[in-house]
Amino acid sequence: MKFYIKVFVISLVGFLSLFGGILFAFETLYTAEPTGSDATSSAVETTVGTTESATEPEEIDDRTELQKIAEASDRINVLAFGLNDSLADTIMLVSFDPSVPRLDIISVPRDTYNPIEGYDGSGQKKINAIYGMKDIGGVNGMKKYLSEFLGVPIDYYVRVDFNAVQAVVDTLGGYDVYVPFNMDYDDVWDTPPLHIHFEKGQYHLDGADTVKYLRWRKNSDGSMQEGDVARIERHQAFVDEMIQKALSFKLPSVINTIIGSNYVKTDMTLENALAYAVSAASMTSDNVNFYTIDGEAKMINGLSYWVHDPAALETLLFDIYGYSDVYEETEAETETP
């Protein structure tokens with residue numbers, strides 16, 4: 001059974017977690033999961049005053065400048081995503097700086113080209129396929145490979161059920177949106193059957209209709225369709241409005257809605273979440289920033305991929321961490337003959 005987009009409020013949930021501690025472990029199994037990869041090794045252990053320590057080989061630090069900066073930072077990076085069968089969907093890095101406080105949300109297009117050695121099947125070179133990969137996938141695989149792809153550590157994951165969208169929108173009193181063109185799509189094979197019909201115009205949508213609006217990708221007659229990046233922009237606009245509403249007096253109601261459900265799975269502990277909530281208490285919507293990884297759509301061996309620009313991604317992350325000057329110096333050194 002084919003589903004289109006099923007998770008649209010990922011970054012909102014990640015954002016709210018920093019305020020109200022909603023990203024605690026609903027099931028103890030999730031708090032006990034290993035990370036699946038060890039962090040880059042720390043300083044070498046030596047014994048002062050012995051001849052053996054002098055003969056030990058010096059450890060080589062092969063970390064990039066970005067990795068060094070990220071690992072020394074107080075930022076908390078949360079990988080947020082939903083599932084479409086065995087594929088990850090609506091993948092976002094929610095990066096929180098408690099010292100400002102500031103939240104940066106980076107959307108990773110699900111069709112991003114990211115080949116992994118030994119996994120050459122149809123569609124497996126897309127970044128959203130990692131979750132379903134045998135032996136290396138799951139939440140641990142998502143954390144490991146997304147960390148390698150982005151070049152920064154990932155501290156926690158959040159996996160969200162799409163039903164969170166409807167519940168949160170209803171709690172916040174609906175979603176005001178201008179639909180720029182007619183949306184007409186029917187899928188009788190969905191469970192339950194999906195029918196999306198919006199004429200061009202201004203709407204105040206309840207939770208159920210908001211889900212339909214966000215799930216739309218194309219019209220049944222082919223008259224209109226939307227690519228992954230355009231859809232990300234639509235989802236980010238939705239999240240932005242929900243964040244502004246959530247920062248109002250309705251925030252406690254939103255927290256209660258999510259805590260009283262099974263919408264969220266995470267490896268963040270309640271203690272961690274509460275600590276971040278205190279740090280984020282003074283945050284406003286002006287401190288929330290959205291980004292989408294730069295790149296271009298390309299056909300490779302008959303499949304459509306989003307091929308990202310590694311240099312642009314690195315520049316973005318240096319900027320987020322507040323070290324754009326370091327990136328410029330690194331680039332200059334690289335170009336020097």
# chains A, B, ... in the order shown; residues from 1 in each chain; ligands from 1
>>> residues_around(residues="stretch 195-211 of chain A", least_positions_apart="5", cutoff="6 Å", atoms="only C-alpha atoms", output="list in words")
Gln166, Val169, Asp170, Gly174, Tyr175, Asp176, Val177, Tyr178, Val179, Pro180, Phe181, Asn182, Met183, Asp184, Tyr185 and Asp186 of chain A
>>> closest_atom_pairs(of="stretch 115-234 of chain A", to="stretch 73-90 of chain A", cutoff="9 Å", atoms="only C-alpha atoms", output="JSON lines")
{"residue": "A:Ile127", "atom": "CA", "partner": "A:Ala88", "partner_atom": "CA", "distance": 8.2}
{"residue": "A:Asn128", "atom": "CA", "partner": "A:Ala88", "partner_atom": "CA", "distance": 4.6}
{"residue": "A:Ala129", "atom": "CA", "partner": "A:Leu87", "partner_atom": "CA", "distance": 5.2}
{"residue": "A:Ile130", "atom": "CA", "partner": "A:Leu87", "partner_atom": "CA", "distance": 7.4}
{"residue": "A:Tyr131", "atom": "CA", "partner": "A:Leu87", "partner_atom": "CA", "distance": 6.0}
{"residue": "A:Gly132", "atom": "CA", "partner": "A:Ser86", "partner_atom": "CA", "distance": 4.8}
{"residue": "A:Met133", "atom": "CA", "partner": "A:Ser86", "partner_atom": "CA", "distance": 8.5}
{"residue": "A:Met142", "atom": "CA", "partner": "A:Leu79", "partner_atom": "CA", "distance": 8.2}
{"residue": "A:Lys143", "atom": "CA", "partner": "A:Leu79", "partner_atom": "CA", "distance": 6.9}
{"residue": "A:Leu146", "atom": "CA", "partner": "A:Leu79", "partner_atom": "CA", "distance": 8.1}
{"residue": "A:Ser147", "atom": "CA", "partner": "A:Leu79", "partner_atom": "CA", "distance": 9.0}
{"residue": "A:Val152", "atom": "CA", "partner": "A:Asn77", "partner_atom": "CA", "distance": 8.4}
{"residue": "A:Pro153", "atom": "CA", "partner": "A:Asn77", "partner_atom": "CA", "distance": 7.0}
{"residue": "A:Ile154", "atom": "CA", "partner": "A:Asn77", "partner_atom": "CA", "distance": 5.0}
{"residue": "A:Asp155", "atom": "CA", "partner": "A:Asn77", "partner_atom": "CA", "distance": 5.4}
{"residue": "A:Tyr156", "atom": "CA", "partner": "A:Val78", "partner_atom": "CA", "distance": 4.8}
{"residue": "A:Tyr157", "atom": "CA", "partner": "A:Leu79", "partner_atom": "CA", "distance": 4.6}
{"residue": "A:Val158", "atom": "CA", "partner": "A:Ala80", "partner_atom": "CA", "distance": 4.6}
{"residue": "A:Arg159", "atom": "CA", "partner": "A:Phe81", "partner_atom": "CA", "distance": 5.2}
{"residue": "A:Val160", "atom": "CA", "partner": "A:Gly82", "partner_atom": "CA", "distance": 5.2}
{"residue": "A:Asp161", "atom": "CA", "partner": "A:Gly82", "partner_atom": "CA", "distance": 6.4}
{"residue": "A:Phe162", "atom": "CA", "partner": "A:Gly82", "partner_atom": "CA", "distance": 7.3}
{"residue": "A:Ile232", "atom": "CA", "partner": "A:Thr90", "partner_atom": "CA", "distance": 7.9}
>>> closest_residue(among="A:Asp111, A:Asp221, A:Glu233, A:Asp267", to="A:Ile300", atoms="only C-alpha atoms")
A:Asp111
>>> atom_distance(atom1="atom CA of A:Lys212", atom2="atom CA of A:Ala167")
13.6 Å
>>> closest_residue(among="A:Lys134, A:Arg110, A:Lys245, A:Arg217", to="A:Thr292", atoms="only C-alpha atoms")
A:Arg110
